[in-house]
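Dumped entry_14.csv below, it's CSV, C-alpha atoms and all ligand atoms:
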chain,number,residue,atom,x,y,z
D,17,MET,CA,-4.8,-3.9,-7.9
D,18,ALA,CA,-2.2,-1.4,-6.7
D,19,LYS,CA,1.3,-1.7,-5.5
D,20,ILE,CA,1.5,2.0,-4.6
D,21,ILE,CA,-1.2,3.9,-2.7
D,22,ALA,CA,-1.8,7.5,-2.3
D,23,THR,CA,-2.1,9.2,1.0
D,24,THR,CA,-4.0,12.3,2.1
D,25,GLU,CA,-0.9,14.3,1.2
D,26,PRO,CA,-0.8,14.6,-2.6
D,27,THR,CA,2.9,14.2,-3.0
D,28,LYS,CA,3.3,11.3,-0.6
D,29,PHE,CA,2.9,7.7,-1.6
D,30,VAL,CA,3.4,4.3,0.1
D,31,PHE,CA,4.5,0.9,-0.9
D,32,PHE,CA,4.7,-2.2,1.2
D,33,CYS,CA,8.2,-3.5,1.7
D,34,PRO,CA,8.3,-7.3,1.7
D,35,ALA,CA,11.6,-7.4,3.5
D,36,CYS,CA,10.7,-5.0,6.4
D,37,ARG,CA,7.0,-5.9,6.3
D,38,GLU,CA,6.1,-2.3,6.7
D,39,GLY,CA,5.2,0.6,4.5
D,40,HIS,CA,7.9,2.8,3.1
D,41,TYR,CA,7.1,6.3,1.9
D,42,PHE,CA,8.4,8.4,-0.9
D,43,ASP,CA,7.5,12.0,-1.7
D,44,THR,CA,7.3,13.1,-5.3
D,45,ARG,CA,8.9,16.5,-4.3
D,46,ILE,CA,12.1,14.4,-3.9
D,47,TRP,CA,11.6,11.3,-5.9
D,48,THR,CA,10.3,10.8,-9.4
D,49,PHE,CA,7.4,8.4,-9.9
D,50,ASN,CA,6.0,7.2,-13.2
D,51,GLY,CA,2.4,7.4,-11.8
D,52,ASP,CA,1.6,3.8,-12.5
D,53,MET,CA,0.2,2.3,-9.3
D,54,ASP,CA,0.4,-1.3,-10.7
D,55,LYS,CA,3.9,-1.1,-12.4
D,56,PRO,CA,5.6,1.7,-10.5
D,57,THR,CA,9.0,3.0,-11.2
D,58,VAL,CA,10.5,5.3,-8.7
D,59,ARG,CA,13.8,7.1,-8.8
D,60,ALA,CA,16.2,7.6,-7.1
D,61,SER,CA,16.7,4.8,-4.7
D,62,ILE,CA,14.8,4.6,-1.4
D,63,LEU,CA,16.8,4.2,1.8
D,64,THR,CA,15.0,3.7,5.1
D,65,HIS,CA,16.2,3.1,8.6
D,66,ILE,CA,19.2,5.3,7.7
D,67,ASN,CA,20.3,5.5,11.3
D,68,ASP,CA,19.8,1.9,12.2
D,69,SER,CA,22.4,-0.4,10.6
D,70,GLN,CA,20.5,-3.5,11.8
D,71,LYS,CA,17.4,-2.5,9.8
D,72,ARG,CA,18.8,-0.6,6.9
D,73,CYS,CA,16.8,-1.1,3.7
D,74,HIS,CA,17.9,0.3,0.4
D,75,SER,CA,16.0,-0.3,-2.9
D,76,PHE,CA,15.1,0.7,-6.3
D,77,ILE,CA,11.5,0.3,-7.6
D,78,THR,CA,11.3,-0.6,-11.3
D,79,ASP,CA,8.3,-1.9,-13.2
D,80,GLY,CA,6.5,-3.1,-10.1
D,81,LYS,CA,9.6,-4.9,-8.7
D,82,ILE,CA,11.7,-3.9,-5.8
D,83,GLU,CA,15.5,-4.3,-6.3
D,84,PHE,CA,17.2,-4.6,-2.9
D,85,GLN,CA,20.7,-3.3,-2.9
D,86,GLY,CA,23.6,-5.1,-1.4
D,87,ASP,CA,23.9,-2.8,1.6
D,88,CYS,CA,20.5,-3.9,3.1
D,89,ALA,CA,20.6,-5.4,6.6
D,90,HIS,CA,17.8,-7.9,5.8
D,91,SER,CA,17.8,-11.3,4.1
D,92,LEU,CA,16.4,-10.0,0.8
D,93,LYS,CA,19.5,-7.9,0.1
D,94,GLY,CA,20.8,-8.2,-3.4
D,95,GLN,CA,17.5,-9.8,-4.6
D,96,THR,CA,14.8,-8.5,-6.9
D,97,VAL,CA,11.2,-9.4,-6.0
D,98,ASP,CA,7.7,-8.3,-7.0
D,99,LEU,CA,6.2,-5.6,-4.8
D,100,PRO,CA,3.2,-6.9,-2.9
D,101,ASP,CA,-0.1,-5.8,-4.2
D,102,PHE,CA,-2.1,-4.0,-1.5
D,103,ASP,CA,-5.3,-5.9,-2.5
D,104,ALA,CA,-3.4,-9.2,-1.9
D,105,LEU,CA,-2.5,-7.9,1.6
D,106,GLY,CA,-6.2,-7.7,2.5
D,107,GLY,CA,-6.3,-4.0,3.0
D,108,LYS,CA,-8.5,-1.5,1.2
D,109,PRO,CA,-6.1,1.5,1.2
D,110,VAL,CA,-6.9,2.6,-2.4
D,111,ASP,CA,-9.3,5.1,-0.9
D,112,PRO,CA,-7.0,7.7,0.7
D,113,GLU,CA,-9.6,8.3,3.4
D,114,VAL,CA,-9.0,4.7,4.6
D,115,PHE,CA,-5.4,5.6,5.1
D,116,PRO,CA,-5.1,8.6,7.4
D,117,PRO,CA,-1.5,9.3,7.9
D,118,ASP,CA,-2.4,12.6,9.5
D,119,THR,CA,-2.9,10.7,12.8
D,120,ALA,CA,-0.3,8.5,14.3
D,121,ALA,CA,-2.9,6.2,15.7
D,122,GLY,CA,-4.7,5.8,12.4
D,123,GLU,CA,-1.5,5.1,10.6
D,124,LYS,CA,-0.5,2.4,13.2
D,125,ALA,CA,-3.9,0.8,13.1
D,126,PHE,CA,-3.7,0.6,9.3
D,127,TRP,CA,-0.3,-1.0,9.2
D,128,ASP,CA,-1.1,-3.4,12.0
D,129,ARG,CA,-4.0,-4.6,9.8
D,130,VAL,CA,-1.8,-4.9,6.7
D,131,LYS,CA,0.9,-6.7,8.6
D,132,GLY,CA,-1.6,-9.0,10.2
D,133,SER,CA,-3.1,-10.0,6.9
D,134,GLN,CA,0.3,-10.7,5.4
D,135,SER,CA,1.5,-12.9,8.2
D,136,ASN,CA,-1.5,-15.1,7.7
D,137,THR,CA,-0.6,-16.0,4.1
D,201,ZN,ZN,12.2,-2.2,3.5

This entry written out as structure tokens:
Amino acid sequence: MAKIIATTEPTKFVFFCPACREGHYFDTRIWTFNGDMDKPTVRASILTHINDSQKRCHSFITDGKIEFQGDCAHSLKGQTVDLPDFDALGGKPVDPEVFPPDTAAGEKAFWDRVKGSQSNT
């Protein structure tokens, strides 16, 4: 059970955003992370799609929940929901070797698999 997965880069972690249905990264050289993969808390907020106002996603992660801020472009804005568990998504990314972000093709294949498994549920 893990809501956060490590990558091959020791400071880089990924969670699955239930609004964007894709992985968002954070880097512990910039953000603080409590180190709890099951009940993660990450600070400061995480802002993605900064340059695309149609896809903007801005959140805090606290105790395994994701708090979407009011400036998000998606339908979950202003809501707090549980972060999806990667096991529930059908992936096995707990082994960093399974998630090779060092290659674009490997990364795309991984997320395609995760997204595919989620859309079936
Ligand atoms: Zn998102």

Near-ligand residues for ligand ZN 201 (chain D), threshold 7 Å, all atoms listed in the file, as a PDB file with C-alpha atoms, keeping the file's coordinate frame:
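Result file pocket_17.pdb:
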ATOM      1  CA  CYS D  33       8.200  -3.500   1.700  1.00  0.00           C
ATOM      2  CA  PRO D  34       8.300  -7.300   1.700  1.00  0.00           C
ATOM      3  CA  ALA D  35      11.600  -7.400   3.500  1.00  0.00           C
ATOM      4  CA  CYS D  36      10.700  -5.000   6.400  1.00  0.00           C
ATOM      5  CA  ARG D  37       7.000  -5.900   6.300  1.00  0.00           C
ATOM      6  CA  GLU D  38       6.100  -2.300   6.700  1.00  0.00           C
ATOM      7  CA  HIS D  40       7.900   2.800   3.100  1.00  0.00           C
ATOM      8  CA  THR D  64      15.000   3.700   5.100  1.00  0.00           C
ATOM      9  CA  CYS D  73      16.800  -1.100   3.700  1.00  0.00           C
ATOM     10  CA  HIS D  74      17.900   0.300   0.400  1.00  0.00           C
TER      11      HIS D  74
END

Report task. Write out as a PyMOL selection string the residues lying within 7 Å of region 45-58 of chain D, counting all atoms listed in the file and excluding same-chain residues fewer than 3 positions away. Result -> chain D and resi 17-21+27+42+76-80

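Interatomic distance, CA of Ala104 (chain D) to CA of Gly86 (chain D): 27.3 Å.
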
Query raised in the report: What is the CA of Phe102 (chain D) to CA of Arg59 (chain D) distance in Å?
Result: 20.7 Å

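Going from CA of Glu83 (chain D) over to CA of Lys71 (chain D), you cover 16.3 Å.
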
Query raised in the report: Can you tell me, as a PyMOL selection string, what residues are no more than 9 Å from Arg72 (chain D) when counting all atoms listed in the file, ignoring any on the same chain fewer than 5 positions away?
Result: chain D and resi 63-67+87-90

Query - Radius query 12 Å about (-0.7, 19.6, -2.3), atoms used: all atoms listed in the file, as a ChimeraX atom specification - result: /D:23-28,43-45

Report task. Using all atoms listed in the file, pick whichever of D:Phe29, D:Gly39, D:Ala60, D:Gln85 has the shortest atom-to-atom distance to Val97 (chain D). Result ->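 Using all atoms listed in the file, Val97 (chain D) sits closest to D:Gln85.
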
Query raised in the report: So which one's closest to Leu99 (chain D), D:Ser69, D:Val30, D:Ala22, D:Ser61? Using all atoms listed in the file, please.
Result: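 Looking at the shortest contact to Leu99 (chain D), the residue is D:Val30.
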